[in-house]
$ cat protein-v1.cif   # mmCIF, C-alpha atoms
data_upload
#
loop_
_atom_site.label_atom_id
_atom_site.label_comp_id
_atom_site.auth_asym_id
_atom_site.auth_seq_id
_atom_site.Cartn_x
_atom_site.Cartn_y
_atom_site.Cartn_z
CA MET A 9 11.19 130.40 92.00
CA THR A 10 14.64 129.02 92.60
CA GLN A 11 15.65 125.45 93.23
CA GLY A 12 16.63 126.34 96.80
CA HIS A 13 13.03 127.19 97.65
CA ALA A 14 11.56 124.23 95.76
CA ASP A 15 10.17 120.94 96.97
CA ILE A 16 10.53 117.52 95.36
CA ASP A 17 7.25 117.81 93.46
CA TRP A 18 8.25 121.20 92.08
CA LEU A 19 11.60 119.81 90.91
CA ALA A 20 9.71 117.05 89.10
CA ASP A 21 7.55 119.71 87.42
CA LEU A 22 10.68 121.52 86.26
CA ALA A 23 12.22 118.29 85.00
CA ARG A 24 9.25 117.78 82.65
CA CYS A 25 10.15 121.12 81.05
CA GLY A 26 13.82 120.34 80.55
CA ASP A 27 15.81 122.42 83.04
CA THR A 28 15.62 124.47 86.24
CA ARG A 29 15.47 127.77 84.29
CA ALA A 30 12.36 126.77 82.33
CA TRP A 31 10.10 128.88 84.59
CA ARG A 32 11.50 131.98 82.87
CA ARG A 33 9.86 131.03 79.55
CA GLU A 34 6.99 128.72 80.60
CA GLN A 35 4.03 130.71 81.93
CA SER A 36 2.34 127.51 83.07
CA LEU A 37 5.16 126.99 85.57
CA TRP A 38 4.22 130.25 87.29
CA ALA A 39 0.82 128.79 88.16
CA LEU A 40 2.41 125.49 89.20
CA TRP A 41 4.91 127.23 91.49
CA VAL A 42 2.14 129.17 93.21
CA TYR A 43 0.17 125.93 93.64
CA ARG A 44 3.16 124.13 95.19
CA PHE A 45 3.80 127.13 97.44
CA GLY A 46 0.20 127.04 98.63
CA ARG A 47 0.49 123.34 99.45
CA ARG A 48 3.63 123.96 101.49
CA VAL A 49 1.88 126.76 103.36
CA ASP A 50 -1.06 124.48 104.20
CA ALA A 51 1.39 121.94 105.63
CA MET A 52 2.86 124.50 108.05
CA PRO A 53 1.79 124.57 111.72
CA GLU A 54 -0.72 127.20 112.75
CA GLY A 55 0.81 130.56 113.56
CA LEU A 56 1.70 134.00 112.34
CA GLY A 57 4.06 132.68 109.65
CA ARG A 58 1.35 130.54 108.11
CA ARG A 59 -1.21 133.33 108.23
CA TRP A 60 0.86 135.90 106.38
CA ARG A 61 2.08 133.30 103.87
CA THR A 62 -1.55 132.37 103.19
CA LYS A 63 -2.33 136.00 102.40
CA ALA A 64 0.70 136.13 100.08
CA TYR A 65 -0.48 132.93 98.38
CA TRP A 66 -3.94 134.30 97.62
CA LEU A 67 -2.46 137.49 96.18
CA MET A 68 -0.09 135.52 93.93
CA PHE A 69 -2.86 133.08 92.98
CA ARG A 70 -5.14 135.86 91.74
CA VAL A 71 -2.35 137.60 89.84
CA VAL A 72 -1.11 134.42 88.13
CA GLU A 73 -4.66 133.24 87.41
CA THR A 74 -5.41 136.55 85.68
CA VAL A 75 -2.13 136.74 83.77
CA THR A 76 -1.89 133.11 82.60
CA GLY A 77 -5.54 132.04 82.51
CA ILE A 78 -4.67 128.98 84.63
CA SER A 79 -6.77 128.35 87.73
CA LEU A 80 -4.93 125.80 89.85
CA PRO A 81 -6.18 126.11 93.46
CA LYS A 82 -4.10 124.65 96.27
CA GLU A 83 -7.04 122.53 97.47
CA CYS A 84 -6.74 120.10 94.54
CA ARG A 85 -4.29 117.21 94.85
CA ILE A 86 -1.63 116.98 92.17
CA GLY A 87 1.20 114.47 91.97
CA PRO A 88 4.77 115.33 90.95
CA GLY A 89 5.79 116.08 87.40
CA LEU A 90 2.70 117.83 86.03
CA ARG A 91 3.28 119.27 82.55
CA ILE A 92 1.02 122.02 81.19
CA TRP A 93 1.62 122.82 77.54
CA HIS A 94 0.85 126.44 76.67
CA PHE A 95 -1.57 128.37 78.86
CA GLY A 96 -5.00 129.99 78.93
CA GLY A 97 -8.47 128.73 79.73
CA ILE A 98 -7.31 125.97 82.10
CA PHE A 99 -9.63 125.47 85.06
CA ILE A 100 -9.17 122.78 87.72
CA ASN A 101 -11.86 122.29 90.36
CA PRO A 102 -10.47 122.25 93.93
CA ALA A 103 -11.84 118.71 94.47
CA THR A 104 -9.95 117.26 91.49
CA VAL A 105 -7.19 114.66 91.95
CA ILE A 106 -4.34 114.46 89.41
CA GLY A 107 -1.72 111.70 89.55
CA ALA A 108 2.00 111.84 88.81
CA HIS A 109 3.42 112.87 85.43
CA CYS A 110 0.13 113.89 83.85
CA THR A 111 -0.08 116.29 80.91
CA LEU A 112 -2.61 119.09 80.31
CA ARG A 113 -2.97 121.54 77.45
CA GLN A 114 -4.66 124.87 76.87
CA GLY A 115 -8.40 125.05 77.36
CA VAL A 116 -8.66 121.98 79.61
CA THR A 117 -11.40 121.88 82.25
CA LEU A 118 -11.53 119.36 85.10
CA GLY A 119 -14.63 119.91 87.18
CA ASN A 120 -18.05 118.84 88.38
CA ARG A 121 -21.34 118.56 86.52
CA GLU A 122 -23.42 120.15 89.28
CA PRO A 123 -22.69 122.40 92.28
CA ASP A 124 -20.75 120.52 94.97
CA GLY A 125 -20.81 117.38 92.81
CA PRO A 126 -17.94 114.89 92.48
CA CYS A 127 -14.88 115.74 90.40
CA PRO A 128 -12.52 113.73 88.20
CA VAL A 129 -9.68 111.53 89.36
CA LEU A 130 -6.73 111.21 86.98
CA GLU A 131 -4.36 108.33 87.60
CA ASP A 132 -0.65 108.52 86.74
CA GLY A 133 0.49 109.42 83.23
CA VAL A 134 -2.83 110.66 81.85
CA GLU A 135 -2.59 113.00 78.83
CA LEU A 136 -5.29 115.48 77.84
CA GLY A 137 -5.52 117.21 74.48
CA ALA A 138 -6.34 120.88 73.97
CA TYR A 139 -9.80 121.98 75.16
CA ALA A 140 -10.65 118.56 76.58
CA GLN A 141 -13.38 118.65 79.23
CA VAL A 142 -13.55 115.99 81.96
CA LEU A 143 -16.65 116.45 84.10
CA GLY A 144 -18.12 114.68 87.11
CA GLY A 145 -16.89 111.86 89.29
CA VAL A 146 -15.13 109.95 86.51
CA ARG A 147 -11.81 108.13 86.74
CA LEU A 148 -9.22 108.23 83.97
CA GLY A 149 -7.02 105.13 84.17
CA ALA A 150 -3.24 105.26 84.17
CA GLY A 151 -1.68 106.17 80.84
CA CYS A 152 -4.95 106.89 79.02
CA ARG A 153 -5.24 109.66 76.44
CA ILE A 154 -8.07 112.12 75.90
CA GLY A 155 -8.35 113.69 72.47
CA ALA A 156 -8.57 117.39 71.77
CA MET A 157 -12.03 118.91 72.43
CA ALA A 158 -13.36 115.65 73.89
CA VAL A 159 -16.07 115.82 76.56
CA VAL A 160 -15.55 112.93 78.97
CA LEU A 161 -18.52 111.92 81.11
CA GLN A 162 -17.58 108.29 81.83
CA ASN A 163 -14.65 106.30 83.20
CA VAL A 164 -11.79 105.61 80.79
CA PRO A 165 -9.78 102.38 81.26
CA ALA A 166 -6.02 102.44 81.76
CA GLY A 167 -4.14 102.81 78.49
CA ALA A 168 -7.26 103.60 76.46
CA THR A 169 -7.98 106.58 74.20
CA ALA A 170 -11.21 108.60 74.32
CA VAL A 171 -12.29 111.08 71.64
CA GLY A 172 -15.37 113.04 70.62
CA ASN A 173 -18.34 114.80 72.22
CA PRO A 174 -19.56 112.97 74.16
CA ALA A 175 -16.33 111.02 74.33
CA ARG A 176 -16.29 107.45 73.11
CA ILE A 177 -13.58 104.99 74.04
CA LEU A 178 -11.62 103.63 71.10
CA PRO A 179 -11.10 99.85 71.14
CA LEU A 180 -7.72 98.72 72.37
CA PRO A 181 -5.63 97.05 69.63
CA SER A 182 -5.42 93.28 69.89
CA ALA A 183 -2.10 91.51 70.40
CA SER A 184 -2.13 90.25 66.81
CA ALA A 185 -2.77 93.75 65.48
CA GLN A 186 0.10 95.13 67.54
CA GLU A 187 2.42 92.43 66.24
CA ALA A 188 1.36 93.18 62.66
CA GLY A 189 1.98 96.89 63.22
CA ASN A 190 5.44 96.13 64.57
CA GLY A 191 6.22 93.79 61.70
CA THR A 192 6.46 90.80 64.05
CA ALA A 193 3.29 88.92 63.12
CA VAL A 194 3.89 85.22 62.60
CA VAL A 195 2.49 83.98 59.29
CA PRO A 196 2.04 80.20 59.10
CA THR A 197 3.92 78.52 56.24
CA PRO A 198 1.60 76.55 53.97
CA ALA A 199 2.40 72.84 53.73
CA MET A 200 3.69 71.50 50.41
CA PRO A 201 1.51 68.91 48.69
CA GLY A 202 2.45 65.42 49.85
CA ALA A 203 4.66 66.67 52.68
CA ALA A 204 4.54 64.94 56.02
CA ALA A 205 2.69 66.62 58.81
CA PRO A 206 4.98 68.63 61.13
CA VAL A 207 5.93 66.99 64.38
CA PRO A 208 5.05 69.01 67.51
CA ASP A 209 8.05 70.25 69.47
CA ALA A 210 6.80 68.40 72.55
CA ALA A 211 7.10 65.08 70.70
CA ILE A 212 10.79 65.57 69.84
CA THR A 213 13.28 64.11 72.31
CA THR A 214 17.04 63.79 72.16
CA SER A 215 19.58 61.65 73.94
CA SER A 216 23.33 61.12 73.79
CA ALA A 217 22.73 57.90 71.87
CA SER A 218 20.71 59.58 69.16
CA VAL A 219 23.19 62.41 68.51
CA GLY A 220 26.37 60.44 68.98
CA ASP A 221 29.62 61.54 70.65
#

$ encode --input "protein-v1.cif" --output "structure tokens"
Amino acid sequence: MTQGHADIDWLADLARCGDTRAWRREQSLWALWVYRFGRRVDAMPEGLGRRWRTKAYWLMFRVVETVTGISLPKECRIGPGLRIWHFGGIFINPATVIGAHCTLRQGVTLGNREPDGPCPVLEDGVELGAYAQVLGGVRLGAGCRIGAMAVVLQNVPAGATAVGNPARILPLPSASAQEAGNGTAVVPTPAMPGAAAPVPDAAITTSSASVGD
């Protein structure tokens, strides 16, 4: 599990945990390393080297799956920089697709709703809370968040938040609400009694004659 034997995706996984020695204290990285190893083995040309490495992969996969409670088969497609907080009870169906820099937590399940049915697709930057379940051929848009213990059975738009069982999508805040939350909302100034109506900016013109030398 050293940097010398790592690929770019694995280095991105390590970077999410802070440093290249994080695998010593993060059990989730053991499962991720085995997954990345399995993907590298699948990319090798046919031959004796690939065959014995495949056997080694399956042995390591079963050991890590049993020890950490993380089932991360090499058949699923996972982008760089996956972060798994904690460990235990995490099951990813082989047909699942996970984008770059996503975040999972303990108890998460990504799978189908029926045998051989479609599986979820997570776009980049998706974050799942503890024990969230995403089932069926749903798509989670980039940067969306799934609350803890939510059961997602429908698509979630990019940047949205889904909570509950079954999950409901919370309304996105309006631009005015965001400005108010940031303290930048513009409050119109009431006109004084008898004051002249303000002149629109578009009606104001200047020239060298009007401002003088």

$ atom_distance --input "protein-v1.cif" --atom1 "atom CA of Pro88 of chain A" --atom2 "atom CA of Leu56 of chain A"
28.6 Å

$ closest_residue --input "protein-v1.cif" --among "A:Asp27, A:Glu34, A:Asp21, A:Asp124" --to "Asn101 of chain A" --atoms "only C-alpha atoms"
A:Asp124

$ closest_residue --input "protein-v1.cif" --among "A:Lys63, A:Thr76, A:Trp38, A:Trp93" --to "Trp18 of chain A" --atoms "only C-alpha atoms"
A:Trp38

$ resolve_selection --input "protein-v1.cif" --expression "the PyMOL selection byres ((chain A and resi 82) around 12)" --output "short mmCIF file (atom, residue, chain, number, x, y, z; two decimals) with C-alpha atoms, keeping the file's coordinate frame"
data_model
loop_
_atom_site.label_atom_id
_atom_site.label_comp_id
_atom_site.auth_asym_id
_atom_site.auth_seq_id
_atom_site.Cartn_x
_atom_site.Cartn_y
_atom_site.Cartn_z
CA ALA A 39 0.82 128.79 88.16
CA LEU A 40 2.41 125.49 89.20
CA TRP A 41 4.91 127.23 91.49
CA VAL A 42 2.14 129.17 93.21
CA TYR A 43 0.17 125.93 93.64
CA ARG A 44 3.16 124.13 95.19
CA PHE A 45 3.80 127.13 97.44
CA GLY A 46 0.20 127.04 98.63
CA ARG A 47 0.49 123.34 99.45
CA ARG A 48 3.63 123.96 101.49
CA VAL A 49 1.88 126.76 103.36
CA ASP A 50 -1.06 124.48 104.20
CA ALA A 51 1.39 121.94 105.63
CA THR A 62 -1.55 132.37 103.19
CA TYR A 65 -0.48 132.93 98.38
CA TRP A 66 -3.94 134.30 97.62
CA MET A 68 -0.09 135.52 93.93
CA PHE A 69 -2.86 133.08 92.98
CA SER A 79 -6.77 128.35 87.73
CA LEU A 80 -4.93 125.80 89.85
CA PRO A 81 -6.18 126.11 93.46
CA GLU A 83 -7.04 122.53 97.47
CA CYS A 84 -6.74 120.10 94.54
CA ARG A 85 -4.29 117.21 94.85
CA ILE A 86 -1.63 116.98 92.17
CA ILE A 100 -9.17 122.78 87.72
CA ASN A 101 -11.86 122.29 90.36
CA PRO A 102 -10.47 122.25 93.93
CA ALA A 103 -11.84 118.71 94.47
CA THR A 104 -9.95 117.26 91.49
CA VAL A 105 -7.19 114.66 91.95
#

$ resolve_selection --input "protein-v1.cif" --expression "the PyMOL selection byres ((chain A and resi 136-144) around 7)" --output "PyMOL selection string"
chain A and resi 111-121+125-128+134-135+145-146+153-161

$ closest_residue --input "protein-v1.cif" --among "A:Leu90, A:Gly26, A:Val129, A:Val72" --to "His109 of chain A" --atoms "all atoms listed in the file"
A:Leu90
